[in-house]
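Heads up: the structure comes next, in structure tokens.
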Amino acid sequence: MYKTYYQSPLGEILLASDGENLIGLWIDNQKYYLEKSEEKLVEKENLEIFNKTKKWLDRYFKKEKPKIEELSLKTNGSEFRQNVWKILREIPYGQTTTYGEIAKKVAKMMKKEKMSAQAVGNAVGHNPISIIIPCHRVVGANGNLTGYAGGIDKKIKLLEIEKVNMKNFFVPKKGTAI
């Protein structure tokens, strides 16, 4: 397991790889930072996946709309979490969806009658490759900008980079409930 760092407009970002795939991307002070990483990460600057990811991030922060498919990503998690993260990958650049809408899609994928939006929120929050797998594009049904493990301020900045119309969104006064 390898790591390197990327300096972004949001602060320092830690990238992690298994040598071939990107397996983690965490913004400094992000909740669930390096979650469940028992293996020691060895710093290795020049892995091909790190170079590609840094170029991808450069383009993203320049508002060039890079595609997720350009990078080799590998996420580890339960079937439920994998399904949620798959849906996150399908949210178009500059658009948002709700936890409830994702819950409906996951329920259908898993052949269940319904799924909890709060359970979806938990899976979204544990996304190990933030920004690239765009968990920042998920909002509450009423326009509540909540539930971003990197912090609401960073979620707002990412949505602004993507030129999302922010007029119908708001930051909750208290807590981060979905």
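To be explicit about the labels: the chains of the structure tokens are called A, B, and onward in the order shown, and within each one the residues are counted from 1, while ligands get numbers from 1 in the order they are shown.
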Mind listing the strand (DSSP E or B) residues of stretch 19-176 of chain A, per DSSP on the backbone, as number ranges by chain? A: 22-27, 42-43, 73, 97-98, 129, 138-139, 144, 170
Please provide the set of residues having any atom within 8 Å of A:Ile156, restricted to only C-alpha atoms, with same-chain residues fewer than 4 positions apart removed, written as number ranges by chain. A: 145, 152, 160
Output N, CA and C atoms for every residue in that selection, as a PDB file, in the first residue's frame.
ATOM      1  N   LEU A 145     -27.656  21.064   2.558  1.00  0.00           N
ATOM      2  CA  LEU A 145     -26.270  20.686   2.248  1.00  0.00           C
ATOM      3  C   LEU A 145     -25.668  20.033   3.482  1.00  0.00           C
ATOM      4  N   ILE A 152     -18.808  20.711   5.321  1.00  0.00           N
ATOM      5  CA  ILE A 152     -19.790  21.404   4.480  1.00  0.00           C
ATOM      6  C   ILE A 152     -19.121  22.497   3.653  1.00  0.00           C
ATOM      7  N   GLU A 160     -19.498  24.570  -6.179  1.00  0.00           N
ATOM      8  CA  GLU A 160     -19.255  25.839  -6.879  1.00  0.00           C
ATOM      9  C   GLU A 160     -18.273  25.651  -8.035  1.00  0.00           C
TER      10      GLU A 160
END
Closest to A:Glu43 among A:Ile131, A:Ile91, A:Leu25, A:Met1, using only C-alpha atoms?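 Among the listed residues, A:Met1 lies closest to A:Glu43.
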Would you pick out the contacts of stretch 19-21 of chain A at 6 Å or less, using only C-alpha atoms, so that residues sharing its chain but fewer than 5 positions from it are not included, and give the list as a ChimeraX atom specification? /A:72-74
Using the selection just defined, write its residues with C-alpha atoms as a PDB file, in the first residue's frame.
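File written: selection-v8.pdb
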ATOM      1  CA  SER A  72      -8.378   2.837 -12.180  1.00  0.00           C
ATOM      2  CA  LEU A  73     -10.312   2.874  -8.896  1.00  0.00           C
ATOM      3  CA  LYS A  74     -10.761   0.070  -6.382  1.00  0.00           C
TER       4      LYS A  74
END
Nearest to A:Asn46, chosen from A:Lys163, A:Tyr2, A:Leu71, A:Ile102, with only C-alpha atoms counted in the distances: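 Result for the nearest residue to A:Asn46: A:Tyr2.
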Excluding stretch 59-61 of chain A and any residue of its chain fewer than 4 positions from it, enumerate the residues within 10 Å of it, using only C-alpha atoms, and give them as a ChimeraX atom specification. /A:8-10,53-55,65-67,131-132,158,161-162
Go ahead and write the residues just picked, N, CA and C atoms, as an mmCIF file, in the first residue's frame.
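The file below, selection-v8.cif, is the result:
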data_model
loop_
_atom_site.group_PDB
_atom_site.id
_atom_site.type_symbol
_atom_site.label_atom_id
_atom_site.label_comp_id
_atom_site.auth_asym_id
_atom_site.auth_seq_id
_atom_site.Cartn_x
_atom_site.Cartn_y
_atom_site.Cartn_z
ATOM 1 N N SER A 8 -4.184 20.843 -2.948
ATOM 2 C CA SER A 8 -5.369 21.281 -3.684
ATOM 3 C C SER A 8 -5.874 22.610 -3.129
ATOM 4 N N PRO A 9 -6.797 23.239 -3.834
ATOM 5 C CA PRO A 9 -7.433 24.453 -3.315
ATOM 6 C C PRO A 9 -8.217 24.205 -2.016
ATOM 7 N N LEU A 10 -8.497 22.929 -1.716
ATOM 8 C CA LEU A 10 -9.228 22.578 -0.493
ATOM 9 C C LEU A 10 -8.288 22.230 0.656
ATOM 10 N N THR A 53 -3.789 10.471 -11.295
ATOM 11 C CA THR A 53 -4.753 11.073 -10.373
ATOM 12 C C THR A 53 -4.447 12.548 -10.155
ATOM 13 N N LYS A 54 -3.179 12.882 -9.998
ATOM 14 C CA LYS A 54 -2.809 14.289 -9.803
ATOM 15 C C LYS A 54 -3.164 15.121 -11.033
ATOM 16 N N LYS A 55 -2.935 14.576 -12.218
ATOM 17 C CA LYS A 55 -3.324 15.285 -13.450
ATOM 18 C C LYS A 55 -4.837 15.422 -13.523
ATOM 19 N N LYS A 65 -13.750 19.163 -16.225
ATOM 20 C CA LYS A 65 -14.672 18.019 -16.236
ATOM 21 C C LYS A 65 -14.034 16.674 -16.637
ATOM 22 N N PRO A 66 -12.966 16.249 -15.963
ATOM 23 C CA PRO A 66 -12.400 14.938 -16.291
ATOM 24 C C PRO A 66 -13.398 13.828 -15.958
ATOM 25 N N LYS A 67 -13.272 12.715 -16.642
ATOM 26 C CA LYS A 67 -14.186 11.570 -16.455
ATOM 27 C C LYS A 67 -13.624 10.600 -15.410
ATOM 28 N N ILE A 131 -14.260 13.247 -3.895
ATOM 29 C CA ILE A 131 -14.090 14.128 -5.051
ATOM 30 C C ILE A 131 -14.242 13.332 -6.348
ATOM 31 N N ILE A 132 -13.397 12.317 -6.577
ATOM 32 C CA ILE A 132 -13.463 11.546 -7.822
ATOM 33 C C ILE A 132 -14.748 10.732 -7.864
ATOM 34 N N LEU A 158 -16.707 22.501 -3.769
ATOM 35 C CA LEU A 158 -16.726 21.541 -4.875
ATOM 36 C C LEU A 158 -17.937 21.768 -5.784
ATOM 37 N N ILE A 161 -17.249 24.810 -7.859
ATOM 38 C CA ILE A 161 -16.310 24.503 -8.949
ATOM 39 C C ILE A 161 -17.085 23.947 -10.139
ATOM 40 N N GLU A 162 -18.088 23.112 -9.842
ATOM 41 C CA GLU A 162 -18.883 22.478 -10.888
ATOM 42 C C GLU A 162 -20.025 23.376 -11.387
#
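Between A:Asn29 and the residues A:Gly147, A:Met109, A:Phe80, A:Leu14, the shortest atom-to-atom distance, using only C-alpha atoms, involves A:Leu14.
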Just to confirm, what's the straight-line distance from atom CA of A:Asp153 to atom CA of A:Thr96 in Å (one decimal)? 16.4 Å
